[in-house]
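**Q** Got a structure for you, protein_21.cif, holding mmCIF, C-alpha atoms.
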data_entry
loop_
_atom_site.label_atom_id
_atom_site.label_comp_id
_atom_site.auth_asym_id
_atom_site.auth_seq_id
_atom_site.Cartn_x
_atom_site.Cartn_y
_atom_site.Cartn_z
CA MET F 28 14.75 75.70 -27.39
CA GLY F 29 15.91 73.24 -24.74
CA ARG F 30 14.88 69.61 -24.38
CA PRO F 31 11.64 69.03 -22.40
CA LEU F 32 12.10 68.01 -18.83
CA LYS F 33 11.23 64.40 -17.97
CA ARG F 34 8.76 63.99 -15.17
CA HIS F 35 10.34 62.06 -12.33
CA GLN F 36 8.48 58.90 -11.31
CA GLN F 37 8.99 57.74 -7.75
CA ARG F 38 9.90 54.08 -7.45
CA GLU F 39 9.35 51.84 -4.45
CA LEU F 40 12.42 51.09 -2.43
CA PHE F 41 11.25 47.51 -1.80
CA PRO F 42 9.00 46.47 -4.69
CA LYS F 43 6.31 43.97 -3.72
CA HIS F 44 6.28 40.46 -5.12
CA GLY F 45 3.35 38.05 -5.32
CA GLY F 46 0.22 39.30 -3.62
CA LYS F 47 -2.66 40.12 -5.94
CA ARG F 48 -0.50 40.20 -9.05
CA LYS F 49 -1.91 37.96 -11.79
CA GLY F 50 -0.11 34.64 -11.90
CA ALA F 51 1.62 35.22 -8.59
CA GLY F 52 2.28 32.45 -6.12
CA ARG F 53 3.25 28.81 -6.51
CA PRO F 54 2.17 27.45 -9.89
CA PRO F 55 0.11 24.26 -9.88
CA LYS F 56 2.01 21.05 -10.53
CA GLY F 57 0.88 18.71 -13.27
CA PRO F 58 -2.21 19.04 -15.43
CA ARG F 59 -4.50 19.72 -12.46
CA ALA F 60 -4.50 22.80 -10.26
CA SER F 61 -3.97 22.36 -6.54
CA GLN F 62 -6.99 21.77 -4.34
CA SER F 63 -8.23 24.82 -2.51
CA HIS F 64 -6.78 25.27 0.96
CA LYS F 65 -9.88 26.97 2.28
CA LYS F 66 -11.38 25.71 5.52
CA ARG F 67 -13.30 22.53 4.87
CA PRO F 68 -17.08 22.64 5.39
CA ALA F 69 -18.78 21.27 8.49
CA LEU F 70 -19.80 17.62 8.33
CA LYS F 71 -22.69 15.81 10.01
CA LYS F 72 -22.39 12.13 10.91
CA SER F 73 -25.50 11.49 8.79
CA GLU F 74 -23.70 12.77 5.68
CA PRO F 75 -21.34 10.38 3.87
CA VAL F 76 -18.44 11.81 1.87
CA HIS F 77 -17.05 10.97 -1.57
CA VAL F 78 -13.28 11.41 -1.24
CA THR F 79 -10.69 11.30 -4.02
CA ILE F 80 -6.94 11.12 -3.50
CA ARG F 81 -4.44 11.37 -6.39
CA VAL F 82 -0.88 10.19 -6.67
CA VAL F 83 1.94 12.13 -8.32
CA ASP F 84 2.50 11.59 -12.03
CA GLU F 85 5.42 9.23 -11.42
CA LEU F 86 3.17 6.70 -9.66
CA THR F 87 0.15 6.48 -11.93
CA GLU F 88 0.24 2.68 -12.06
CA LEU F 89 -1.89 1.76 -9.06
CA ARG F 90 -3.88 -1.00 -10.78
CA GLN F 91 -1.20 -3.57 -10.11
CA ARG F 92 -1.10 -6.32 -7.51
CA ASP F 93 1.62 -4.70 -5.38
CA ALA F 94 -0.10 -1.30 -5.21
CA TYR F 95 -3.45 -2.99 -4.49
CA LYS F 96 -1.90 -4.85 -1.55
CA ALA F 97 -0.27 -1.63 -0.31
CA ILE F 98 -3.56 0.27 -0.29
CA ARG F 99 -5.39 -2.69 1.22
CA ALA F 100 -2.87 -2.86 4.08
CA ALA F 101 -3.24 0.88 4.66
CA MET F 102 -7.02 0.49 4.86
CA TRP F 103 -6.58 -2.07 7.62
CA THR F 104 -4.66 0.48 9.71
CA VAL F 105 -7.77 2.68 9.98
CA TYR F 106 -10.37 -0.09 9.93
CA ASP F 107 -10.97 -0.16 13.71
CA ARG F 108 -11.66 3.55 14.02
CA GLU F 109 -15.20 3.90 15.33
CA GLU F 110 -15.50 7.49 14.12
CA PHE F 111 -14.20 6.84 10.58
CA HIS F 112 -15.42 4.07 8.26
CA ILE F 113 -14.56 3.38 4.63
CA VAL F 114 -17.73 1.98 3.05
CA ASN F 115 -16.68 1.64 -0.60
CA VAL F 116 -13.49 2.15 -2.59
CA SER F 117 -12.12 1.84 -6.10
CA ILE F 118 -8.49 2.02 -7.18
CA GLN F 119 -7.77 3.60 -10.55
CA GLY F 120 -4.44 4.16 -12.25
CA SER F 121 -3.76 7.63 -10.88
CA HIS F 122 -6.28 8.01 -8.07
CA VAL F 123 -8.42 6.30 -5.46
CA HIS F 124 -12.13 6.94 -4.84
CA LEU F 125 -13.59 6.33 -1.40
CA LEU F 126 -17.02 6.60 0.15
CA VAL F 127 -16.50 7.45 3.81
CA GLU F 128 -18.73 7.85 6.85
CA ALA F 129 -17.20 9.98 9.62
CA LEU F 130 -18.41 11.40 12.90
CA ASP F 131 -17.48 14.95 11.93
CA ARG F 132 -14.97 17.00 9.95
CA THR F 133 -12.14 16.34 12.42
CA ALA F 134 -12.70 12.57 12.30
CA LEU F 135 -12.67 12.67 8.50
CA SER F 136 -9.47 14.70 8.40
CA ARG F 137 -7.64 12.50 10.92
CA GLY F 138 -8.81 9.31 9.28
CA MET F 139 -7.71 10.42 5.84
CA GLN F 140 -4.38 11.67 7.18
CA SER F 141 -3.63 8.29 8.78
CA LEU F 142 -4.74 6.42 5.67
CA GLN F 143 -2.59 8.51 3.34
CA ILE F 144 0.51 8.32 5.56
CA SER F 145 0.24 4.55 5.77
CA ALA F 146 -0.55 4.16 2.07
CA ALA F 147 2.34 6.44 1.07
CA LYS F 148 4.90 4.35 2.94
CA ARG F 149 3.60 1.11 1.49
CA ILE F 150 3.26 2.42 -2.06
CA ASN F 151 6.83 3.74 -1.98
CA ARG F 152 7.98 0.34 -0.76
CA ALA F 153 6.01 -1.44 -3.51
CA PHE F 154 7.39 0.78 -6.28
CA SER F 155 10.91 0.38 -4.92
CA LYS F 156 10.66 -3.40 -5.30
CA ARG F 157 8.97 -3.09 -8.68
CA ARG F 158 11.67 -0.85 -10.12
CA LYS F 159 14.55 -2.33 -8.11
CA GLU F 160 15.50 1.14 -7.01
CA ARG F 161 14.61 2.79 -3.74
CA ARG F 162 11.77 5.23 -4.14
CA ARG F 163 11.30 8.01 -1.56
CA GLY F 164 9.37 11.24 -1.43
CA GLN F 165 5.88 12.48 -2.09
CA VAL F 166 3.18 10.01 -3.10
CA PHE F 167 -0.05 11.97 -3.06
CA GLY F 168 -0.02 15.15 -5.10
CA ASP F 169 -2.22 17.37 -2.97
CA ARG F 170 -5.00 17.53 -0.41
CA TYR F 171 -7.83 15.10 -0.90
CA HIS F 172 -10.94 16.24 -2.75
CA GLU F 173 -14.21 15.82 -0.88
CA GLU F 174 -17.85 15.95 -1.88
CA ILE F 175 -20.36 15.78 0.96
CA ILE F 176 -23.41 13.68 0.07
CA ARG F 177 -26.62 15.34 1.24
CA ASN F 178 -29.46 13.66 -0.64
CA ARG F 179 -30.62 10.33 -2.07
CA ARG F 180 -30.00 11.08 -5.72
CA GLN F 181 -26.48 12.25 -4.99
CA ALA F 182 -25.85 9.11 -2.91
CA ARG F 183 -26.88 6.82 -5.75
CA HIS F 184 -24.72 8.72 -8.22
CA ALA F 185 -21.73 8.51 -5.87
CA LEU F 186 -22.13 4.74 -5.45
CA ALA F 187 -22.36 4.17 -9.19
CA TYR F 188 -19.47 6.54 -9.83
CA VAL F 189 -17.14 4.82 -7.36
CA LEU F 190 -18.02 1.17 -8.03
CA ASN F 191 -18.24 1.49 -11.82
CA ASN F 192 -15.44 4.00 -12.22
CA TRP F 193 -13.37 1.42 -14.08
CA ARG F 194 -15.94 1.52 -16.91
CA ARG F 195 -15.63 5.30 -17.04
CA HIS F 196 -11.91 4.79 -17.71
CA GLY F 197 -12.39 1.81 -20.04
CA GLU F 198 -10.53 -0.58 -17.74
CA GLN F 199 -13.04 -3.38 -18.43
CA ARG F 200 -11.47 -3.68 -21.89
CA VAL F 201 -8.03 -4.50 -20.50
CA LYS F 202 -7.11 -8.02 -21.62
CA GLU F 203 -6.64 -9.40 -18.11
CA LEU F 204 -10.05 -8.12 -16.99
CA ARG F 205 -12.22 -9.16 -19.91
CA GLY F 206 -15.13 -11.21 -18.68
CA PHE F 207 -15.19 -9.54 -15.26
CA ALA F 208 -18.64 -8.15 -14.45
CA ILE F 209 -17.36 -6.01 -11.58
CA ASP F 210 -14.02 -4.37 -10.84
CA PRO F 211 -11.60 -6.50 -8.79
CA PHE F 212 -9.68 -3.32 -7.91
CA SER F 213 -12.65 -2.10 -5.90
CA SER F 214 -15.02 -3.13 -3.12
CA ALA F 215 -17.68 -4.08 -5.71
CA ILE F 216 -17.58 -7.70 -4.56
CA SER F 217 -18.90 -6.59 -1.14
CA PHE F 218 -21.70 -4.40 -2.53
CA ASP F 219 -25.27 -5.73 -2.25
CA GLY F 220 -27.04 -3.23 -4.51
CA TRP F 221 -26.35 -4.66 -7.97
CA ARG F 222 -29.30 -4.98 -10.31
CA GLU F 223 -28.00 -8.16 -11.91
CA GLN F 224 -27.04 -11.43 -10.28
CA VAL F 225 -23.26 -11.25 -9.93
CA GLU F 226 -21.36 -14.51 -10.10
CA VAL F 227 -17.71 -14.27 -9.09
CA SER F 228 -15.18 -16.99 -9.88
CA TRP F 229 -11.97 -15.21 -8.92
CA PRO F 230 -8.75 -16.87 -7.72
CA SER F 231 -8.82 -18.23 -4.17
CA THR F 232 -5.85 -15.98 -3.41
CA TYR F 233 -7.92 -12.84 -4.02
CA GLU F 234 -8.22 -10.70 -0.89
CA ARG F 235 -11.11 -8.28 -0.62
CA LEU F 236 -10.62 -4.66 0.36
CA PRO F 237 -11.70 -4.14 3.98
CA VAL F 238 -14.84 -1.99 4.00
CA TRP F 239 -17.72 -1.47 6.41
CA LYS F 240 -21.42 -1.87 5.79
CA PRO F 241 -22.93 1.62 5.61
CA ARG F 242 -24.55 3.07 8.72
CA THR F 243 -25.89 6.28 7.22
CA TRP F 244 -29.43 6.14 5.85
CA LEU F 245 -28.33 7.69 2.55
CA LEU F 246 -25.85 4.91 1.69
CA SER F 247 -27.78 2.02 3.20
CA THR F 248 -31.37 2.71 2.16
CA GLY F 249 -32.11 6.15 0.74
CA TRP F 250 -30.25 5.79 -2.56
CA ARG F 251 -32.31 2.70 -3.53
CA MET F 252 -35.31 4.91 -4.25
CA TYR F 253 -33.66 5.71 -7.60
CA GLY F 254 -33.07 2.09 -8.58
CA LEU F 255 -30.40 -0.55 -8.13
CA ILE F 256 -27.09 -0.12 -9.97
CA SER F 257 -26.34 -2.10 -13.13
CA THR F 258 -22.93 -3.66 -13.49
CA HIS F 259 -22.90 -2.25 -17.04
CA GLU F 260 -23.67 1.32 -16.00
CA VAL F 261 -21.10 3.89 -17.09
CA PRO F 262 -21.14 6.82 -14.66
CA GLY F 263 -21.07 10.41 -15.84
CA PRO F 264 -19.18 13.30 -14.25
CA ARG F 265 -19.25 13.80 -10.50
CA ALA F 266 -22.66 15.12 -9.53
CA LYS F 267 -23.22 18.50 -8.00
CA VAL F 268 -25.26 18.85 -4.83
CA ARG F 269 -28.95 19.12 -5.68
CA LYS F 270 -32.09 19.07 -3.61
CA ALA F 271 -34.06 15.86 -3.83
#
What's the structure tokens form of this structure?
**A**
Amino acid sequence: MGRPLKRHQQRELFPKHGGKRKGAGRPPKGPRASQSHKKRPALKKSEPVHVTIRVVDELTELRQRDAYKAIRAAMWTVYDREEFHIVNVSIQGSHVHLLVEALDRTALSRGMQSLQISAAKRINRAFSKRRKERRRGQVFGDRYHEEIIRNRRQARHALAYVLNNWRRHGEQRVKELRGFAIDPFSSAISFDGWREQVEVSWPSTYERLPVWKPRTWLLSTGWRMYGLISTHEVPGPRAKVRKA
């Protein structure tokens, strides 16, 4: 008895790569996956936005004088834009939180693009001097993350999250910052919604981050319905959009 015939299986001449195959495509860099590149949602001028931008792993030392000055200078480059205002900001080791008011989605996108381009050049320059070796290349790891603020509760949470973010990361325990009631690497000194009386005796050389007073009702008035913010408050995770 002869050997059984093998059934011939037709093979593709040009096998496909990527597509729907599991794990296909560019893998995410670092511990965080890339931000979605879907079309960003529409934005009304009455809706502030909580924006987060992250630097690449090599540059996660932003809470230093040189990086602070670099980001501050970049903020000045977009300060006069009528359609794009930075209202609050905090600088953490690996990322920057901003509360922004923009005319629409296009104004937000253009404002953030200009800010990041300017900040990237200055941060590269600062790290080059710090390490005594020229640093070039990518600064921000991916697209910025945005959370549109649509109600009063969400606005209060966003303010507390941004201004007290240093407590979330335990930065108030750093030796050089012990005794500080508010974060000097933020716009907290310009905020008028603290529950406690804040007395600041910082060096005369300290330069505030350039921010605007809020124009949207949510960031100027609406959030106060849920109470002023304590300087000791430790914010939880970023809030999801909820009806209020």
**Q** Taking only C-alpha atoms into account, name the residue in F:Thr104, F:Ser257, F:Asn115, F:Ser247 that is nearest to F:Arg179.
**A**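 Checking each of F:Thr104, F:Ser257, F:Asn115, F:Ser247 against F:Arg179, counting only C-alpha atoms, the winner is F:Ser247.
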**Q** Kindly resolve the PyMOL selection byres ((chain F and resi 217) around 10) on the present coordinates and return the residues as number ranges by chain.
**A** F: 114-115, 213-216, 218-220, 235-240
**Q** Save the residues we just selected, C-alpha atoms, as a PDB file, in the coordinates of the input?
**A**
ATOM      1  CA  VAL F 114     -17.730   1.980   3.050  1.00  0.00           C
ATOM      2  CA  ASN F 115     -16.680   1.640  -0.600  1.00  0.00           C
ATOM      3  CA  SER F 213     -12.650  -2.100  -5.900  1.00  0.00           C
ATOM      4  CA  SER F 214     -15.020  -3.130  -3.120  1.00  0.00           C
ATOM      5  CA  ALA F 215     -17.680  -4.080  -5.710  1.00  0.00           C
ATOM      6  CA  ILE F 216     -17.580  -7.700  -4.560  1.00  0.00           C
ATOM      7  CA  PHE F 218     -21.700  -4.400  -2.530  1.00  0.00           C
ATOM      8  CA  ASP F 219     -25.270  -5.730  -2.250  1.00  0.00           C
ATOM      9  CA  GLY F 220     -27.040  -3.230  -4.510  1.00  0.00           C
ATOM     10  CA  ARG F 235     -11.110  -8.280  -0.620  1.00  0.00           C
ATOM     11  CA  LEU F 236     -10.620  -4.660   0.360  1.00  0.00           C
ATOM     12  CA  PRO F 237     -11.700  -4.140   3.980  1.00  0.00           C
ATOM     13  CA  VAL F 238     -14.840  -1.990   4.000  1.00  0.00           C
ATOM     14  CA  TRP F 239     -17.720  -1.470   6.410  1.00  0.00           C
ATOM     15  CA  LYS F 240     -21.420  -1.870   5.790  1.00  0.00           C
TER      16      LYS F 240
END
**Q** Dig up all the protein and nucleic acid residues within 9 Å of (-9.0, 2.9, -2.6) in the file frame, using only C-alpha atoms, and format them as a list in words.
**A**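 With a cut-off of 9 Å, the residues come to Thr79, Ile80, Tyr95, Ile98, Arg99, Met102, Asn115, Val116, Ser117, Ile118, Gln119, His122, Val123, His124, Leu125, Phe212, Ser213, Ser214 and Leu236 of chain F.
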**Q** Hey, what comes out of the PyMOL selection byres ((chain F and resi 140-151) around 8) on this file? Could you write it as a PyMOL selection string?
**A** chain F and resi 94+97-98+100-102+104-105+136-139+152-155+162-167
**Q** For the provided coordinates, the residues matched by the PyMOL selection byres ((chain F and resi 130) around 6) should be stated as a VMD selection string.
**A** chain F and resid 72 110 129 131 134
**Q** In Å to one decimal, how far is atom CA of F:Arg242 from atom CA of F:Arg108?
**A**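 Separation between atom CA of F:Arg108 and atom CA of F:Arg242: 13.9 Å.
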**Q** Skipping near chain neighbours, those fewer than 3 positions away, what residues fall within 6 Å of F:Val76 using all atoms listed in the file, listed as a list in words?
**A**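 The neighbour list is Leu126, Val127, Glu174, Ile175 and Ile176 of chain F.
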